[in-house]
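> Below is one structure. I have some questions about it.
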Amino acid sequence: HYHDWEAFCVEPLTPELGQEVVLRVRTPARKGLLVFEQGGELERKPLQAVSGGLEARIAMHASPLRYCFYLEAERVYLTSAGVSPTLPRYDRFFHLLAQPSVPEWAVGAVFYQIFPDRFRNGNPHNDPQSGQWLYGGKPIIKKGWDEPVAPREGALQHYGGDLEGITQSLDYLQALGIEALYLTPIFPSPSSHRYDASDYHRVDPHLGGEAAFDRLVQALHQRGMRLVLDGVFNHIGNTHPDFQKALSDPTSPEAGMFTFHADGSYAAFYGVKTLPKLDYANPLTVERWVDGPKAPLRYWLRRGADGWRLDVAHQIGEGGTNRKNLELLRQMHRNSREEALEALVFGELSFDTTETLRAHTLDGSMHYAGFAHPVMEWLCGQNVLGWKVQVSTPALWETLWDHYAALPLQIRQAMYTLIGSHDIPRPLWRLRGDTERMKLALGLLFAFPGSPGLYYGDEIGLNQANPYDLFNGDPMCRGTFPWDEARWNPELLSWTKQLIHLKKSVPALRRGGLQPLEVREGLLGFKRLYAGEEVWVYAALEPHLVRLPPVQDLLTGEETSGWVRVQGLGLYRLRS
Ligand code: ARE
Ligand code: CA
């Protein structure tokens, strides 16, 4: 049995509440029930036999609408997790979300992530100077663009990259095929990563300030490109005036926005003193950061941003997927949409993506657990901490499929899918500089369902010079982008361009469903399907023979069929 809405759906499925939806299952069975739930009791409705399957029509009253099919002759329930002889838990059902759902522009959109201090120095006049201020009691350090990052100097190291530099690079990014940018934080901060902001209503003057931001937004929108900002709402910087006020006056309203313990210590992100945690049990905190008219969550969308990536989304509020956290995420999503109809709001959910997303909270999340980690571990045999791990190909598929199947339908094609970021080692470094493996990693990034997020420099073979230690000092994946083209890997760059072009021009790759094809050790094959179009994707660690129907090889343009040898990435479109 096979169930996948995207394969047959020409228009994205985004019903409005109150609208009638047709739920159809393709099956030889002629009798069955729709089992569903809309915020109340479990209900059952007989399925009607139609050509090729069974269907039921129901009015959608609540979101998510959770449903599964019961096939009478077979006596099985068909859910997003497969078939089961007994009634599965609700969280195994298919989840259909009503509007507003993921904005159309974001579905399968190609993102580029930039760490502003390290991408391009467009204006040397705004550079921080060595010793200009202290961070953690130590003077900051201004580095030359070509000087390597020193692990122990951590966030003290500033390179002078800025928003002007990004605006100057838009021709480059557009030629690459990029459609949207995700920037790590840009508000004033003493550190070079800026996750500890001291002001949420200004752009760091060392990044070019307000004018540079407005120019960037305008230039992006003129090109039809989008901008997503990093929303750090779980904690703020300890140098922020609100926290300073809280420290100096324990009876102030500001003091109530944080959690102080009897010994004078306070709750902070992983205990990091520079990142005091906001206490959202206090209505003032909610009002000031996410709900009030001046709340930064709203303010920057009015200033022209197209969305938020919510930092440590699972910890905002009380932490975990408890009610308060989920309610806050829903409120942040709702408020963002109030400010900008097409705002995209996705989370950084390091661990629990599916549980949080099934609770109808956000438009998606960074796809670490369900994509980046398993794929890179399969390709390089190490986890992000450098520990040896062995991921068999069947285990890889199982992880990918489990996460995919568990996601709400409209979210699957818009997960922020990645192989690298500012928090994990450079993929090329993990692959020991092996260009062929890197091409395969990129191949999976663009061939798998989701909105691929390319981390700056991965397309030109940017590597890191030193070992990586997540917990000690500056992550080494934050090196500067070399603008001297002689230092680029031209093969990786043209490969990335070709993959991006395919992602954007082949609908099955951009918004198609996913189905297994062939899984053996060292060979992963899956299908992407959309409105009658079918693309077969192979990832082969070593050469494998596969048997193809008449297809077009999307990488060479040639027509072929029968036994074919694949190594690395294979992409074939079925000839209808
Ligand atoms: C810096 C140093 C560290 C040092 C720390 C404390 O880099 O070596 O231990 O200071 O002194 C930001 C900066 C970091 C900075 C940190 C604290 O970018 O450089 O660390 O602030 O000052 C987990 C979390 C996830 C988090 C990652 C980093 O669940 O939320 O770890 N990511 C976000 C941002 C970060 C940012 C913060 C949170 C804080 O993206 O950049 O840090 O605002 C696996 C691991 C997870 C890990 C996940 C993703 O799944 O198991 O633990 O997520 O990968 O990397
Ligand atoms: Ca600069």
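Residues in the structure tokens are numbered from 1 in each chain, the chains being A, B, ... in the order shown, and ligands are numbered from 1 in the order shown.
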How would you write, as an mmCIF file with N, CA, C and O atoms, in the first residue's frame, the set of residues no farther than 9 Å from ligand 1 when counting only C-alpha atoms and all ligand atoms?


```cif
data_model
loop_
_atom_site.group_PDB
_atom_site.id
_atom_site.type_symbol
_atom_site.label_atom_id
_atom_site.label_comp_id
_atom_site.auth_asym_id
_atom_site.auth_seq_id
_atom_site.Cartn_x
_atom_site.Cartn_y
_atom_site.Cartn_z
ATOM 1 N N PRO A 151 41.139 28.717 17.595
ATOM 2 C CA PRO A 151 40.062 28.135 18.406
ATOM 3 C C PRO A 151 39.926 28.780 19.780
ATOM 4 O O PRO A 151 38.816 29.099 20.201
ATOM 5 N N ARG A 152 41.035 29.017 20.485
ATOM 6 C CA ARG A 152 40.940 29.493 21.869
ATOM 7 C C ARG A 152 40.510 30.946 21.977
ATOM 8 O O ARG A 152 40.152 31.403 23.050
ATOM 9 N N GLY A 154 37.994 32.160 20.533
ATOM 10 C CA GLY A 154 36.545 32.126 20.538
ATOM 11 C C GLY A 154 35.895 33.320 19.869
ATOM 12 O O GLY A 154 36.322 33.787 18.821
ATOM 13 N N ALA A 155 34.833 33.820 20.527
ATOM 14 C CA ALA A 155 34.022 34.896 19.950
ATOM 15 C C ALA A 155 34.678 36.265 20.090
ATOM 16 O O ALA A 155 34.072 37.285 19.774
ATOM 17 N N THR A 184 22.709 34.607 10.526
ATOM 18 C CA THR A 184 22.811 34.495 11.985
ATOM 19 C C THR A 184 22.750 35.924 12.541
ATOM 20 O O THR A 184 22.796 36.885 11.783
ATOM 21 N N SER A 191 30.031 39.976 21.157
ATOM 22 C CA SER A 191 30.724 38.815 20.600
ATOM 23 C C SER A 191 30.623 38.823 19.076
ATOM 24 O O SER A 191 29.756 39.490 18.514
ATOM 25 N N SER A 192 31.470 38.059 18.428
ATOM 26 C CA SER A 192 31.410 38.045 16.962
ATOM 27 C C SER A 192 30.280 37.153 16.433
ATOM 28 O O SER A 192 29.905 37.270 15.276
ATOM 29 N N HIS A 193 29.718 36.255 17.285
ATOM 30 C CA HIS A 193 28.559 35.472 16.789
ATOM 31 C C HIS A 193 27.239 36.212 17.018
ATOM 32 O O HIS A 193 26.237 35.925 16.391
ATOM 33 N N ARG A 194 27.231 37.160 17.966
ATOM 34 C CA ARG A 194 26.081 38.039 18.213
ATOM 35 C C ARG A 194 24.824 37.332 18.749
ATOM 36 O O ARG A 194 23.719 37.828 18.587
ATOM 37 N N TYR A 195 24.995 36.141 19.365
ATOM 38 C CA TYR A 195 23.827 35.497 19.994
ATOM 39 C C TYR A 195 23.516 36.125 21.354
ATOM 40 O O TYR A 195 22.556 35.748 22.001
ATOM 41 N N ASP A 196 24.352 37.084 21.768
ATOM 42 C CA ASP A 196 24.140 37.732 23.067
ATOM 43 C C ASP A 196 23.885 39.224 22.856
ATOM 44 O O ASP A 196 24.677 40.066 23.265
ATOM 45 N N ASP A 230 17.777 35.547 12.353
ATOM 46 C CA ASP A 230 17.912 34.646 13.488
ATOM 47 C C ASP A 230 17.214 35.288 14.685
ATOM 48 O O ASP A 230 17.611 36.362 15.141
ATOM 49 N N VAL A 232 16.622 35.303 18.374
ATOM 50 C CA VAL A 232 17.107 34.748 19.640
ATOM 51 C C VAL A 232 16.165 35.244 20.738
ATOM 52 O O VAL A 232 16.320 36.340 21.262
ATOM 53 N N PHE A 233 15.165 34.442 21.052
ATOM 54 C CA PHE A 233 14.143 34.839 22.016
ATOM 55 C C PHE A 233 14.122 33.963 23.260
ATOM 56 O O PHE A 233 13.306 34.151 24.148
ATOM 57 N N ASN A 234 15.024 32.978 23.295
ATOM 58 C CA ASN A 234 15.110 32.142 24.492
ATOM 59 C C ASN A 234 15.903 32.863 25.587
ATOM 60 O O ASN A 234 15.624 32.730 26.759
ATOM 61 N N HIS A 235 16.894 33.642 25.131
ATOM 62 C CA HIS A 235 17.764 34.364 26.066
ATOM 63 C C HIS A 235 18.185 35.674 25.411
ATOM 64 O O HIS A 235 17.985 35.855 24.214
ATOM 65 N N ILE A 236 18.767 36.577 26.202
ATOM 66 C CA ILE A 236 19.319 37.801 25.629
ATOM 67 C C ILE A 236 20.757 37.928 26.116
ATOM 68 O O ILE A 236 21.228 37.085 26.879
ATOM 69 N N PHE A 269 21.203 29.992 29.122
ATOM 70 C CA PHE A 269 21.335 28.973 28.084
ATOM 71 C C PHE A 269 22.514 28.062 28.422
ATOM 72 O O PHE A 269 23.648 28.529 28.502
ATOM 73 N N TYR A 270 22.255 26.787 28.647
ATOM 74 C CA TYR A 270 23.280 25.811 29.036
ATOM 75 C C TYR A 270 24.223 26.357 30.115
ATOM 76 O O TYR A 270 25.418 26.051 30.109
ATOM 77 N N GLY A 271 23.680 27.217 31.000
ATOM 78 C CA GLY A 271 24.493 27.763 32.076
ATOM 79 C C GLY A 271 25.516 28.808 31.632
ATOM 80 O O GLY A 271 26.343 29.233 32.436
ATOM 81 N N VAL A 272 25.464 29.242 30.374
ATOM 82 C CA VAL A 272 26.417 30.245 29.872
ATOM 83 C C VAL A 272 26.001 31.631 30.386
ATOM 84 O O VAL A 272 24.937 32.137 30.033
ATOM 85 N N LYS A 273 26.867 32.234 31.228
ATOM 86 C CA LYS A 273 26.496 33.466 31.942
ATOM 87 C C LYS A 273 26.174 34.646 31.029
ATOM 88 O O LYS A 273 25.455 35.571 31.421
ATOM 89 N N THR A 274 26.745 34.656 29.838
ATOM 90 C CA THR A 274 26.473 35.773 28.920
ATOM 91 C C THR A 274 25.088 35.668 28.282
ATOM 92 O O THR A 274 24.668 36.579 27.584
ATOM 93 N N LEU A 275 24.365 34.537 28.505
ATOM 94 C CA LEU A 275 23.072 34.331 27.849
ATOM 95 C C LEU A 275 21.951 34.069 28.853
ATOM 96 O O LEU A 275 21.390 32.972 28.907
ATOM 97 N N ASP A 311 15.950 30.583 17.378
ATOM 98 C CA ASP A 311 17.066 29.943 18.078
ATOM 99 C C ASP A 311 16.536 29.096 19.244
ATOM 100 O O ASP A 311 15.628 29.526 19.955
ATOM 101 N N VAL A 312 17.130 27.941 19.438
ATOM 102 C CA VAL A 312 16.710 26.975 20.475
ATOM 103 C C VAL A 312 15.195 26.982 20.725
ATOM 104 O O VAL A 312 14.741 27.116 21.857
ATOM 105 N N ALA A 313 14.462 26.768 19.651
ATOM 106 C CA ALA A 313 13.001 26.894 19.739
ATOM 107 C C ALA A 313 12.390 25.973 20.800
ATOM 108 O O ALA A 313 11.398 26.328 21.426
ATOM 109 N N HIS A 314 12.997 24.810 21.000
ATOM 110 C CA HIS A 314 12.413 23.867 21.961
ATOM 111 C C HIS A 314 12.617 24.292 23.403
ATOM 112 O O HIS A 314 12.038 23.712 24.310
ATOM 113 N N GLN A 315 13.464 25.300 23.641
ATOM 114 C CA GLN A 315 13.708 25.729 25.031
ATOM 115 C C GLN A 315 12.943 26.996 25.415
ATOM 116 O O GLN A 315 12.926 27.373 26.587
ATOM 117 N N GLU A 348 14.883 26.212 15.369
ATOM 118 C CA GLU A 348 16.067 25.388 15.499
ATOM 119 C C GLU A 348 15.678 24.329 16.512
ATOM 120 O O GLU A 348 15.676 24.588 17.711
ATOM 121 N N LEU A 349 15.239 23.183 16.027
ATOM 122 C CA LEU A 349 14.831 22.102 16.916
ATOM 123 C C LEU A 349 15.900 21.026 16.789
ATOM 124 O O LEU A 349 15.880 20.246 15.848
ATOM 125 N N SER A 350 16.841 21.018 17.719
ATOM 126 C CA SER A 350 17.975 20.100 17.576
ATOM 127 C C SER A 350 17.561 18.645 17.750
ATOM 128 O O SER A 350 18.186 17.761 17.205
ATOM 129 N N PHE A 351 16.522 18.405 18.538
ATOM 130 C CA PHE A 351 16.272 17.013 18.919
ATOM 131 C C PHE A 351 14.893 16.487 18.525
ATOM 132 O O PHE A 351 14.772 15.370 18.061
ATOM 133 N N TYR A 368 18.232 18.736 11.468
ATOM 134 C CA TYR A 368 19.457 18.084 11.954
ATOM 135 C C TYR A 368 19.219 16.592 12.166
ATOM 136 O O TYR A 368 19.832 15.750 11.538
ATOM 137 N N ALA A 369 18.281 16.275 13.079
ATOM 138 C CA ALA A 369 18.113 14.885 13.492
ATOM 139 C C ALA A 369 17.612 14.010 12.344
ATOM 140 O O ALA A 369 17.983 12.844 12.246
ATOM 141 N N HIS A 373 22.441 14.995 10.408
ATOM 142 C CA HIS A 373 23.247 14.056 11.193
ATOM 143 C C HIS A 373 23.323 12.671 10.534
ATOM 144 O O HIS A 373 24.420 12.177 10.293
ATOM 145 N N ASN A 383 30.300 11.270 14.038
ATOM 146 C CA ASN A 383 29.245 12.211 14.386
ATOM 147 C C ASN A 383 29.826 13.618 14.492
ATOM 148 O O ASN A 383 31.018 13.820 14.244
ATOM 149 N N VAL A 384 28.988 14.606 14.858
ATOM 150 C CA VAL A 384 29.474 15.994 14.877
ATOM 151 C C VAL A 384 30.603 16.222 15.879
ATOM 152 O O VAL A 384 31.363 17.176 15.756
ATOM 153 N N LEU A 385 30.703 15.360 16.875
ATOM 154 C CA LEU A 385 31.769 15.520 17.864
ATOM 155 C C LEU A 385 33.047 14.793 17.449
ATOM 156 O O LEU A 385 34.038 14.809 18.165
ATOM 157 N N SER A 421 26.373 23.957 8.913
ATOM 158 C CA SER A 421 25.883 25.193 9.519
ATOM 159 C C SER A 421 27.011 25.761 10.372
ATOM 160 O O SER A 421 28.094 25.165 10.455
ATOM 161 N N HIS A 422 26.723 26.878 11.044
ATOM 162 C CA HIS A 422 27.729 27.492 11.905
ATOM 163 C C HIS A 422 27.943 26.730 13.203
ATOM 164 O O HIS A 422 28.781 27.098 14.006
ATOM 165 N N ASP A 423 27.149 25.685 13.435
ATOM 166 C CA ASP A 423 27.255 24.930 14.683
ATOM 167 C C ASP A 423 27.896 23.554 14.527
ATOM 168 O O ASP A 423 28.144 22.884 15.528
ATOM 169 N N ILE A 424 28.093 23.101 13.315
ATOM 170 C CA ILE A 424 28.670 21.761 13.121
ATOM 171 C C ILE A 424 29.865 21.866 12.173
ATOM 172 O O ILE A 424 29.961 22.826 11.411
ATOM 173 N N ASP A 469 36.072 21.490 18.166
ATOM 174 C CA ASP A 469 35.610 21.151 19.503
ATOM 175 C C ASP A 469 34.403 22.011 19.824
ATOM 176 O O ASP A 469 34.498 23.210 20.050
ATOM 177 N N LEU A 470 33.254 21.352 19.827
ATOM 178 C CA LEU A 470 31.982 22.054 19.986
ATOM 179 C C LEU A 470 31.922 22.843 21.286
ATOM 180 O O LEU A 470 31.239 23.851 21.383
ATOM 181 N N PHE A 471 32.645 22.368 22.320
ATOM 182 C CA PHE A 471 32.456 22.951 23.646
ATOM 183 C C PHE A 471 33.606 23.842 24.105
ATOM 184 O O PHE A 471 33.587 24.361 25.196
ATOM 185 N N ASN A 472 34.624 23.991 23.271
ATOM 186 C CA ASN A 472 35.770 24.790 23.685
ATOM 187 C C ASN A 472 36.186 25.762 22.600
ATOM 188 O O ASN A 472 36.889 25.392 21.668
ATOM 189 N N GLY A 473 35.752 26.991 22.741
ATOM 190 C CA GLY A 473 36.221 28.011 21.817
ATOM 191 C C GLY A 473 35.408 28.120 20.556
ATOM 192 O O GLY A 473 34.305 27.609 20.452
ATOM 193 N N ASP A 474 35.982 28.810 19.572
ATOM 194 C CA ASP A 474 35.248 29.124 18.354
ATOM 195 C C ASP A 474 35.107 27.879 17.489
ATOM 196 O O ASP A 474 36.090 27.226 17.181
ATOM 197 N N PRO A 475 33.869 27.564 17.101
ATOM 198 C CA PRO A 475 33.732 26.452 16.164
ATOM 199 C C PRO A 475 34.518 26.785 14.901
ATOM 200 O O PRO A 475 34.421 27.885 14.382
ATOM 201 N N MET A 476 35.300 25.845 14.423
ATOM 202 C CA MET A 476 36.224 26.142 13.342
ATOM 203 C C MET A 476 35.559 26.263 11.981
ATOM 204 O O MET A 476 36.210 26.515 10.991
#
```

> Residues at most 6 Å from ligand 2, using only C-alpha atoms and all ligand atoms? Could they come as a PyMOL selection string?

chain A and resi 121-124+126-127+160-162

> Residues of the last selection are to be written out with N, CA and C atoms, as a short mmCIF file (atom, residue, chain, number, x, y, z; two decimals), in the first residue's frame.


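The result, written out as part18.cif:
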```cif
data_model
loop_
_atom_site.label_atom_id
_atom_site.label_comp_id
_atom_site.auth_asym_id
_atom_site.auth_seq_id
_atom_site.Cartn_x
_atom_site.Cartn_y
_atom_site.Cartn_z
N ASN A 121 33.69 41.61 3.78
CA ASN A 121 33.88 42.92 4.37
C ASN A 121 33.66 43.97 3.29
N GLY A 122 32.44 44.51 3.26
CA GLY A 122 32.09 45.46 2.21
C GLY A 122 32.46 46.89 2.55
N ASN A 123 32.78 47.14 3.84
CA ASN A 123 33.09 48.50 4.27
C ASN A 123 34.09 48.46 5.43
N PRO A 124 35.37 48.64 5.13
CA PRO A 124 36.40 48.55 6.18
C PRO A 124 36.26 49.65 7.23
N ASN A 126 33.75 50.46 9.01
CA ASN A 126 32.94 50.11 10.19
C ASN A 126 33.53 48.95 10.99
N ASP A 127 34.73 48.50 10.65
CA ASP A 127 35.33 47.35 11.34
C ASP A 127 35.58 47.63 12.82
N GLY A 160 35.32 41.69 10.59
CA GLY A 160 34.89 42.90 9.89
C GLY A 160 33.90 42.69 8.77
N GLY A 161 33.42 41.47 8.59
CA GLY A 161 32.35 41.25 7.60
C GLY A 161 31.13 42.09 7.94
N ASP A 162 30.29 42.42 6.96
CA ASP A 162 29.15 43.30 7.23
C ASP A 162 28.04 43.11 6.19
#
```

> Could you tell me how far atom CA of A:Phe260 lies from atom CA of A:Asn238, in Å and to one decimal?

13.3 Å

> Ranking A:Met60, A:Leu444, A:Val25, A:Ile166 by minimum distance to A:Asp117 and counting only C-alpha atoms, which one comes first?

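Of the candidates, the smallest distance to A:Asp117 is held by A:Ile166.
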
> Check which residues of stretch 102-219 of chain A sit at most 9 Å from stretch 494-516 of chain A using only C-alpha atoms, and return one row each with the closest pair of atoms and their distance in Å to one decimal, ordered by chain and rising number, as a tab-separated table.


```
residue	atom	partner	partner_atom	distance
A:Val107	CA	A:Arg511	CA	6.8
A:Gly108	CA	A:Arg510	CA	4.9
A:Ala109	CA	A:Arg510	CA	7.8
A:Val110	CA	A:Ile500	CA	7.4
A:Ala175	CA	A:Lys497	CA	8.2
A:Leu176	CA	A:Lys497	CA	5.4
A:Gly177	CA	A:Ile500	CA	6.1
A:Ile178	CA	A:Ile500	CA	7.9
```

> How would the residues just chosen look if you wrote them out with C-alpha atoms as a PDB file, in the first residue's frame?


```
ATOM      1  CA  VAL A 107       8.399  25.393  -0.429  1.00  0.00           C
ATOM      2  CA  GLY A 108      11.614  23.832  -1.742  1.00  0.00           C
ATOM      3  CA  ALA A 109      13.273  27.280  -1.761  1.00  0.00           C
ATOM      4  CA  VAL A 110      17.068  27.376  -1.958  1.00  0.00           C
ATOM      5  CA  ALA A 175      24.034  33.443 -10.305  1.00  0.00           C
ATOM      6  CA  LEU A 176      24.427  30.476  -7.960  1.00  0.00           C
ATOM      7  CA  GLY A 177      20.636  30.189  -7.867  1.00  0.00           C
ATOM      8  CA  ILE A 178      20.024  31.285  -4.275  1.00  0.00           C
TER       9      ILE A 178
END
```

> Using only C-alpha atoms, can you tell me which of A:Thr251, A:Arg226, A:Gly131, A:Ala267 comes closest to A:Leu301?

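Of all the options, A:Arg226 lies closest to A:Leu301.
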
> Residues within 12 Å of stretch 244-250 of chain A, please, as a compact mmCIF listing (two decimals) with all heavy atoms, in the first residue's frame. Count only C-alpha atoms; anything in the same chain fewer than 6 positions from it doesn't count.


```txt
# COMPACT_ATOMS: atom_id res chain seq x y z
N SER A 198 22.73 43.10 22.82
CA SER A 198 22.53 44.12 23.85
C SER A 198 21.41 45.08 23.46
O SER A 198 21.08 46.00 24.20
CB SER A 198 23.84 44.90 24.06
OG SER A 198 24.25 45.46 22.83
N ILE A 236 18.77 36.58 26.20
CA ILE A 236 19.32 37.80 25.63
C ILE A 236 20.76 37.93 26.12
O ILE A 236 21.23 37.09 26.88
CB ILE A 236 18.49 39.06 26.00
CG1 ILE A 236 18.51 39.29 27.51
CG2 ILE A 236 17.05 38.91 25.50
CD1 ILE A 236 17.86 40.61 27.93
N GLY A 237 21.45 38.96 25.68
CA GLY A 237 22.82 39.15 26.13
C GLY A 237 22.86 39.74 27.54
O GLY A 237 21.99 40.54 27.92
N ASN A 238 23.87 39.38 28.31
CA ASN A 238 23.96 39.92 29.68
C ASN A 238 24.26 41.42 29.68
O ASN A 238 24.08 42.08 30.70
CB ASN A 238 25.01 39.15 30.51
CG ASN A 238 26.41 39.29 29.93
OD1 ASN A 238 26.57 39.43 28.71
ND2 ASN A 238 27.41 39.25 30.77
N GLY A 256 11.80 40.60 36.96
CA GLY A 256 10.81 39.54 36.83
C GLY A 256 10.86 38.82 35.49
O GLY A 256 10.18 37.82 35.29
N MET A 257 11.68 39.33 34.57
CA MET A 257 11.76 38.67 33.26
C MET A 257 12.84 37.58 33.22
O MET A 257 13.03 36.93 32.20
CB MET A 257 12.06 39.71 32.16
CG MET A 257 10.92 40.70 31.98
SD MET A 257 10.97 41.54 30.40
CE MET A 257 12.52 42.42 30.54
N PHE A 258 13.54 37.42 34.35
CA PHE A 258 14.61 36.42 34.41
C PHE A 258 14.39 35.55 35.63
O PHE A 258 13.55 35.87 36.47
CB PHE A 258 15.99 37.11 34.46
CG PHE A 258 16.19 38.08 33.33
CD1 PHE A 258 15.84 39.42 33.47
CD2 PHE A 258 16.68 37.63 32.11
CE1 PHE A 258 16.01 40.31 32.41
CE2 PHE A 258 16.84 38.52 31.05
CZ PHE A 258 16.51 39.86 31.19
N THR A 259 15.13 34.47 35.74
CA THR A 259 15.00 33.59 36.89
C THR A 259 16.26 33.66 37.74
O THR A 259 17.31 33.15 37.34
CB THR A 259 14.78 32.13 36.43
OG1 THR A 259 13.72 32.13 35.46
CG2 THR A 259 14.40 31.24 37.60
N PHE A 260 16.15 34.34 38.88
CA PHE A 260 17.29 34.42 39.79
C PHE A 260 17.13 33.38 40.89
O PHE A 260 16.03 33.16 41.39
CB PHE A 260 17.39 35.83 40.40
CG PHE A 260 17.83 36.86 39.42
CD1 PHE A 260 16.90 37.64 38.74
CD2 PHE A 260 19.19 37.04 39.14
CE1 PHE A 260 17.31 38.59 37.82
CE2 PHE A 260 19.60 37.98 38.21
CZ PHE A 260 18.67 38.76 37.54
N HIS A 261 18.24 32.74 41.24
CA HIS A 261 18.22 31.75 42.31
C HIS A 261 18.66 32.42 43.61
O HIS A 261 19.19 33.54 43.59
CB HIS A 261 19.14 30.58 41.97
CG HIS A 261 18.84 29.97 40.63
ND1 HIS A 261 17.59 29.48 40.31
CD2 HIS A 261 19.61 29.81 39.51
CE1 HIS A 261 17.61 29.02 39.06
NE2 HIS A 261 18.82 29.22 38.55
N ALA A 262 18.43 31.70 44.71
CA ALA A 262 18.71 32.27 46.04
C ALA A 262 20.17 32.71 46.16
O ALA A 262 20.48 33.71 46.82
CB ALA A 262 18.38 31.23 47.11
N GLY A 264 21.98 34.09 44.02
CA GLY A 264 22.33 35.20 43.14
C GLY A 264 22.61 34.78 41.71
O GLY A 264 22.71 35.62 40.82
N SER A 265 22.78 33.46 41.47
CA SER A 265 22.99 33.00 40.10
C SER A 265 21.65 33.05 39.35
O SER A 265 20.60 33.30 39.94
CB SER A 265 23.54 31.58 40.10
OG SER A 265 22.56 30.68 40.57
N TYR A 266 21.69 32.87 38.06
CA TYR A 266 20.46 32.98 37.27
C TYR A 266 20.40 31.93 36.17
O TYR A 266 21.45 31.40 35.74
CB TYR A 266 20.34 34.38 36.67
CG TYR A 266 21.59 34.87 35.96
CD1 TYR A 266 21.82 34.56 34.62
CD2 TYR A 266 22.55 35.64 36.64
CE1 TYR A 266 22.96 35.00 33.98
CE2 TYR A 266 23.69 36.07 36.00
CZ TYR A 266 23.90 35.76 34.67
OH TYR A 266 25.03 36.18 34.03
N THR A 274 26.74 34.66 29.84
CA THR A 274 26.47 35.77 28.92
C THR A 274 25.09 35.67 28.28
O THR A 274 24.67 36.58 27.58
CB THR A 274 27.53 35.82 27.80
OG1 THR A 274 27.67 34.50 27.25
CG2 THR A 274 28.88 36.30 28.33
N PRO A 276 21.58 35.07 29.69
CA PRO A 276 20.50 34.87 30.67
C PRO A 276 19.18 34.54 29.98
O PRO A 276 18.80 35.18 28.99
CB PRO A 276 20.42 36.23 31.40
CG PRO A 276 21.11 37.21 30.51
CD PRO A 276 22.14 36.44 29.75
N LEU A 278 15.25 34.12 29.31
CA LEU A 278 14.02 34.87 29.55
C LEU A 278 12.97 33.95 30.17
O LEU A 278 12.83 32.79 29.77
CB LEU A 278 13.48 35.44 28.24
CG LEU A 278 14.29 36.61 27.64
CD1 LEU A 278 13.87 36.87 26.21
CD2 LEU A 278 14.12 37.88 28.49
```

> DSSP says helix (DSSP H, G or I) for which residues of stretch 90-230 of chain A? Put them as JSON, numbers by chain?

{"A": [90, 91, 92, 104, 105, 106, 116, 117, 118, 119, 124, 125, 126, 151, 152, 153, 154, 155, 156, 163, 164, 165, 166, 167, 168, 170, 171, 172, 173, 174, 175, 176, 205, 206, 207, 209, 210, 211, 212, 213, 214, 215, 216, 217, 218, 219, 220, 221, 222]}

> Can you work out which one of A:Thr353, A:Ser189, A:Thr480, A:Ser451 has the shortest atom-to-atom distance to A:Asn463, counting only C-alpha atoms?

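Among A:Thr353, A:Ser189, A:Thr480, A:Ser451, it is A:Thr480 that comes nearest to A:Asn463.
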
> Taking the DSSP secondary structure from the backbone, can you list the residues of stretch 291-533 of chain A that are strand (DSSP E or B), as a VMD selection string?

chain A and resid 307 to 310 344 to 347 364 to 366 382 388 416 to 418 421 424 451 to 455 513 to 520 523 to 530 533
